[in-house]
Structures are given as C-alpha cells and as structure tokens.
file work-v5.txt (compact mmCIF, C-alpha atoms)
# COMPACT_ATOMS: atom_id res chain seq x y z
CA MET Y 18 65.46 -94.66 -15.36
CA TYR Y 19 68.60 -92.77 -16.35
CA THR Y 20 66.97 -91.52 -19.55
CA LEU Y 21 63.91 -90.31 -17.63
CA ALA Y 22 66.10 -88.31 -15.24
CA SER Y 23 68.28 -86.85 -17.98
CA GLN Y 24 65.46 -85.66 -20.26
CA GLN Y 25 64.68 -81.96 -20.52
CA MET Y 26 61.40 -81.10 -18.77
CA SER Y 27 58.72 -79.36 -20.80
CA ALA Y 28 57.93 -75.75 -19.93
CA PRO Y 29 54.68 -76.50 -18.02
CA ASP Y 30 56.30 -79.32 -16.06
CA SER Y 31 59.32 -77.20 -15.18
CA ALA Y 32 57.14 -74.29 -14.05
CA LEU Y 33 54.93 -76.55 -11.94
CA PHE Y 34 57.97 -78.22 -10.39
CA ASP Y 35 59.47 -74.83 -9.50
CA LEU Y 36 56.17 -73.72 -7.98
CA MET Y 37 55.76 -76.95 -5.98
CA TRP Y 38 59.35 -76.90 -4.76
CA GLY Y 39 59.13 -73.24 -3.80
CA LEU Y 40 55.87 -73.57 -1.86
CA GLY Y 41 57.12 -76.65 -0.02
CA ALA Y 42 60.45 -75.03 0.87
CA THR Y 43 58.67 -71.89 2.06
CA ALA Y 44 56.32 -73.87 4.29
CA ILE Y 45 59.16 -75.92 5.79
CA GLY Y 46 61.26 -72.80 6.31
CA TRP Y 47 58.52 -70.87 8.08
CA VAL Y 48 57.63 -73.81 10.32
CA ALA Y 49 61.30 -74.12 11.32
CA LEU Y 50 61.59 -70.38 11.94
CA ILE Y 51 58.30 -69.90 13.79
CA ASN Y 52 58.53 -73.22 15.68
CA PRO Y 53 54.80 -73.52 16.42
CA ARG Y 54 54.00 -75.22 19.72
CA GLY Y 55 57.61 -76.29 20.20
CA ILE Y 56 57.57 -78.83 17.37
CA LEU Y 57 61.35 -78.50 16.79
CA GLU Y 58 62.14 -79.29 20.43
CA TRP Y 59 59.75 -82.25 20.27
CA ILE Y 60 61.48 -83.62 17.15
CA ALA Y 61 64.96 -83.00 18.58
CA LEU Y 62 64.15 -84.76 21.84
CA ARG Y 63 62.69 -87.74 19.99
CA ARG Y 64 65.88 -87.98 17.91
CA GLY Y 65 68.01 -87.88 21.05
CA ASN Y 66 70.06 -84.75 20.40
CA GLY Y 67 69.09 -82.99 23.62
CA GLY Y 68 66.57 -80.54 22.24
CA LYS Y 69 69.11 -78.49 20.21
CA VAL Y 70 67.11 -76.63 17.59
CA TRP Y 71 69.55 -74.07 16.18
CA PRO Y 72 70.57 -76.24 13.16
CA SER Y 73 66.90 -76.56 12.23
CA ARG Y 74 66.43 -72.82 12.58
CA VAL Y 75 69.42 -72.11 10.31
CA ALA Y 76 68.15 -74.53 7.67
CA GLY Y 77 64.66 -73.05 8.08
CA GLY Y 78 66.03 -69.58 7.40
CA VAL Y 79 67.65 -70.74 4.17
CA PHE Y 80 64.45 -72.47 3.04
CA ALA Y 81 62.33 -69.44 4.04
CA VAL Y 82 64.45 -67.22 1.78
CA VAL Y 83 65.05 -69.55 -1.18
CA GLY Y 84 61.49 -70.99 -1.23
CA PRO Y 85 59.63 -67.78 -2.16
CA VAL Y 86 62.21 -67.00 -4.84
CA GLU Y 87 61.66 -70.41 -6.44
CA ALA Y 88 57.86 -70.10 -6.11
CA ILE Y 89 57.89 -66.67 -7.78
CA LYS Y 90 60.07 -68.12 -10.56
CA GLY Y 91 57.50 -70.91 -11.08
CA ILE Y 92 54.57 -68.47 -11.09
CA HIS Y 93 56.42 -66.24 -13.56
CA HIS Y 94 57.04 -69.18 -15.90
CA LEU Y 95 53.40 -70.32 -15.59
CA LEU Y 96 52.15 -66.86 -16.52
CA GLU Y 97 54.39 -66.81 -19.60
CA LEU Y 98 52.76 -69.97 -21.00
CA LYS Y 99 50.11 -69.33 -23.62
CA GLY Y 100 47.39 -71.42 -25.25
CA PRO Y 101 47.58 -75.21 -25.10
CA GLU Y 102 50.92 -75.05 -23.27
CA ARG Y 103 49.25 -73.59 -20.15
CA PRO Y 104 48.45 -76.43 -17.71
CA THR Y 105 45.01 -77.08 -16.25
CA VAL Y 106 44.18 -79.07 -13.12
CA PHE Y 107 44.20 -82.36 -15.04
CA HIS Y 108 46.94 -81.38 -17.49
CA ARG Y 109 48.63 -84.65 -18.42
CA THR Y 110 52.41 -84.66 -18.42
CA SER Y 111 54.69 -87.53 -19.38
CA GLY Y 112 54.22 -89.51 -16.15
CA LEU Y 113 56.08 -92.71 -15.40
CA SER Y 114 55.82 -96.19 -16.81
CA PRO Y 115 52.92 -98.20 -15.31
CA VAL Y 116 55.30 -100.64 -13.61
CA LEU Y 117 57.38 -97.90 -11.97
CA ALA Y 118 54.20 -96.02 -11.02
CA ALA Y 119 52.75 -99.13 -9.38
CA VAL Y 120 55.99 -99.74 -7.47
CA MET Y 121 56.01 -96.15 -6.18
CA ILE Y 122 52.36 -96.29 -5.12
CA VAL Y 123 52.87 -99.60 -3.30
CA ALA Y 124 55.95 -98.17 -1.57
CA VAL Y 125 54.01 -95.11 -0.41
CA LEU Y 126 51.15 -97.30 0.80
CA LEU Y 127 53.61 -99.41 2.82
CA VAL Y 128 55.21 -96.29 4.32
CA ALA Y 129 51.76 -94.91 5.24
CA ALA Y 130 50.72 -98.21 6.84
CA HIS Y 131 53.99 -98.36 8.78
CA ALA Y 132 53.55 -94.75 9.93
CA TRP Y 133 50.04 -95.44 11.20
CA ARG Y 134 51.21 -98.55 13.08
CA THR Y 135 54.33 -97.07 14.69
CA ASN Y 136 53.78 -93.30 14.93
CA ASP Y 137 52.36 -92.24 18.30
CA PHE Y 138 51.54 -88.82 16.90
CA LEU Y 139 49.10 -90.22 14.32
CA GLN Y 140 47.66 -92.77 16.73
CA GLU Y 141 47.01 -90.10 19.39
CA ALA Y 142 45.36 -87.87 16.80
CA TRP Y 143 43.11 -90.75 15.74
CA THR Y 144 42.07 -91.64 19.29
CA ALA Y 145 41.42 -87.97 20.14
CA GLY Y 146 38.71 -87.88 17.47
CA GLY Y 147 37.24 -84.71 16.02
CA LEU Y 148 39.48 -82.32 14.13
CA PRO Y 149 42.81 -84.08 14.90
CA ARG Y 150 41.39 -87.33 13.46
CA VAL Y 151 40.23 -85.52 10.33
CA CYS Y 152 43.64 -83.85 9.91
CA ALA Y 153 45.50 -87.15 10.32
CA ALA Y 154 43.29 -88.97 7.83
CA LEU Y 155 43.35 -86.08 5.35
CA ALA Y 156 47.14 -85.72 5.54
CA THR Y 157 47.61 -89.42 4.79
CA LEU Y 158 45.03 -89.56 2.01
CA ALA Y 159 46.23 -86.36 0.36
CA ALA Y 160 49.85 -87.56 0.43
CA LEU Y 161 48.84 -90.86 -1.20
CA LEU Y 162 46.78 -89.05 -3.84
CA SER Y 163 49.62 -86.61 -4.49
CA VAL Y 164 52.01 -89.44 -5.34
CA THR Y 165 49.36 -91.25 -7.37
CA PHE Y 166 48.46 -88.22 -9.48
CA THR Y 167 52.10 -87.23 -9.99
CA VAL Y 168 53.36 -90.65 -11.11
CA PHE Y 169 50.53 -90.96 -13.61
CA GLY Y 170 51.37 -87.55 -15.06
CA TYR Y 171 48.74 -85.27 -13.49
CA MET Y 172 51.23 -82.94 -11.84
CA THR Y 173 48.83 -80.05 -11.17
CA ALA Y 174 46.39 -82.31 -9.34
CA GLY Y 175 49.39 -83.76 -7.46
CA ILE Y 176 50.43 -80.27 -6.39
CA LEU Y 177 46.93 -79.53 -5.13
CA CYS Y 178 46.96 -82.77 -3.12
CA SER Y 179 50.39 -81.87 -1.73
CA ALA Y 180 49.00 -78.53 -0.61
CA ALA Y 181 46.06 -80.27 1.07
CA ALA Y 182 48.47 -82.67 2.81
CA ALA Y 183 50.56 -79.73 4.00
CA VAL Y 184 47.51 -77.92 5.39
CA ALA Y 185 46.35 -81.08 7.17
CA ALA Y 186 49.84 -81.68 8.58
CA ALA Y 187 49.97 -78.08 9.78
CA GLY Y 188 46.61 -78.65 11.46
CA LEU Y 189 48.06 -81.71 13.20
CA VAL Y 190 51.03 -79.71 14.44
CA LEU Y 191 48.91 -76.81 15.65
CA LEU Y 192 46.42 -79.11 17.37
CA ARG Y 193 49.18 -81.17 18.99
CA SER Y 194 48.74 -79.76 22.49
CA ARG Y 195 45.03 -80.54 22.38
CA VAL Y 196 45.65 -84.19 21.51
call {"tool": "encode", "arguments": {"input": "work-v5.txt", "output": "structure tokens"}}
result
Amino acid sequence: MYTLASQQMSAPDSALFDLMWGLGATAIGWVALINPRGILEWIALRRGNGGKVWPSRVAGGVFAVVGPVEAIKGIHHLLELKGPERPTVFHRTSGLSPVLAAVMIVAVLLVAAHAWRTNDFLQEAWTAGGLPRVCAALATLAALLSVTFTVFGYMTAGILCSAAAAVAAAGLVLLRSRV
C-alpha cells in the first residue's frame, strides 16, 4: 500500500483528482455557508454541542474559497491534455488490486447497510415515499457506484457518480422539512 500512495499520479488522474476535490470542497463550503433549511443546527444539536454553528461556517468559508481554485486548476490541467492522454468517461486508470478493491467495496456496502438501519434521516425519507425516497436511494446507489468505479480504475465514471450522489444528497437536505 505504501508504494501505491507514494507513486506519482499520471496527468489525467491528477487533473481528475483536482477537479473532483475542488467540486466536492466547493459544494461542502457553500452548504456550510448557506445553511439550507437549518441543516447545520440540526447536525450540531444531534452531536450535542448546543447548536453552535460558527465553526462549521468558518470551515465552510475556507472550503468555499479553496474549492473553486482547485476545481479551476483541475479543469485547466484537463484542457491541456491532448490526444490519447485526455480521459473519457470510461478512461481506465491504474485502479487498485482486486483484493483491496473487494475489501473497499465490502466496507462501503457495510457502511451503507448500517446507515440505512440506524439513520433516522434515511428511514424517514424512505417512508415518506415520492421524491425523498428517490433521493435517498439514488444517493446510496451513486455513492456505492462511485467507490466501485474508482477502485477499479474508472475515475471519470466515479466522479460522475459522486456528482449524482451529491445532487441526491442535496435533494434530501432541501426536502428535509417535507419529510
């Protein structure tokens, strides 16, 4: 595992990683800054710290500034790639060994099953039916597919699944008061 972490990433992988990291950080930062439907207070109260949200807002501000910079860096590097170096949706990168990939997929499946059993938010969305149910199922499925595609080396498809999971999770947050 040490050699995998210490290897230099190829140009397409590095650009895709920068883009994925930047988009994720931007989304997290804006959610923390905008605080749609009081989600930060809800999280803070569930954690037992009295509804204090200013640390989340400060961290959100940092992510909202750094995220777009990293995303623009990734887009810039992607646009510089020419010919066969430019990734497509099913551009195969190095991926992980089959054993490590299987372990990661099983771990994510166990986390998803645990979340569905213990998380009131997901259970309420499922029992509400309609759009909240679709968002909950899509968020879970897209997150599982994102990990699966990424560990097998299809990073672009993994990024698209991550984006779908983020949109579905945002739908869950925005529909929270209706659930």
call {"tool": "axis_aligned_box", "arguments": {"input": "work-v5.txt", "around": "segment 148-162 of chain Y", "padding_each_side": "8 Å", "output": "lines of an AutoDock Vina configuration file"}}
result
center_x = 44.7
center_y = -86.6
center_z = 5.5
size_x = 26.4
size_y = 24.5
size_z = 34.7
call {"tool": "residues_around", "arguments": {"input": "work-v5.txt", "residues": "Arg150 of chain Y", "least_positions_apart": "4", "cutoff": "12 Å", "atoms": "all atoms listed in the file", "output": "JSON, numbers by chain"}}
result
{"Y": [138, 139, 140, 141, 142, 143, 144, 145, 146, 154, 155, 156, 157, 185, 186, 188, 189, 192, 193, 195, 196]}
call {"tool": "atom_distance", "arguments": {"input": "work-v5.txt", "atom1": "atom CA of Thr173 of chain Y", "atom2": "atom CA of Leu36 of chain Y"}}
result
10.2 Å
call {"tool": "closest_residue", "arguments": {"input": "work-v5.txt", "among": "Y:Ala32, Y:Leu158, Y:Leu50, Y:Met37", "to": "Ile176 of chain Y", "atoms": "all atoms listed in the file"}}
result
Y:Met37
call {"tool": "closest_residue", "arguments": {"input": "work-v5.txt", "among": "Y:Val168, Y:Ile45, Y:Leu98, Y:Val125", "to": "Ala76 of chain Y", "atoms": "only C-alpha atoms"}}
result
Y:Ile45
call {"tool": "atom_distance", "arguments": {"input": "work-v5.txt", "atom1": "atom CA of Glu87 of chain Y", "atom2": "atom CA of Cys152 of chain Y"}}
result
27.8 Å
call {"tool": "closest_residue", "arguments": {"input": "work-v5.txt", "among": "Y:Asn52, Y:Ser179, Y:Asn136, Y:Ser111", "to": "Ala160 of chain Y", "atoms": "only C-alpha atoms"}}
result
Y:Ser179
call {"tool": "atom_distance", "arguments": {"input": "work-v5.txt", "atom1": "atom CA of Gly147 of chain Y", "atom2": "atom CA of Ala174 of chain Y"}}
result
27.1 Å
call {"tool": "closest_residue", "arguments": {"input": "work-v5.txt", "among": "Y:Gly46, Y:Pro115, Y:Gly175, Y:Gly170", "to": "Pro85 of chain Y", "atoms": "all atoms listed in the file"}}
result
Y:Gly46
call {"tool": "closest_residue", "arguments": {"input": "work-v5.txt", "among": "Y:Phe169, Y:Ala118, Y:Ser73, Y:Ser163", "to": "Ala183 of chain Y", "atoms": "all atoms listed in the file"}}
result
Y:Ser163
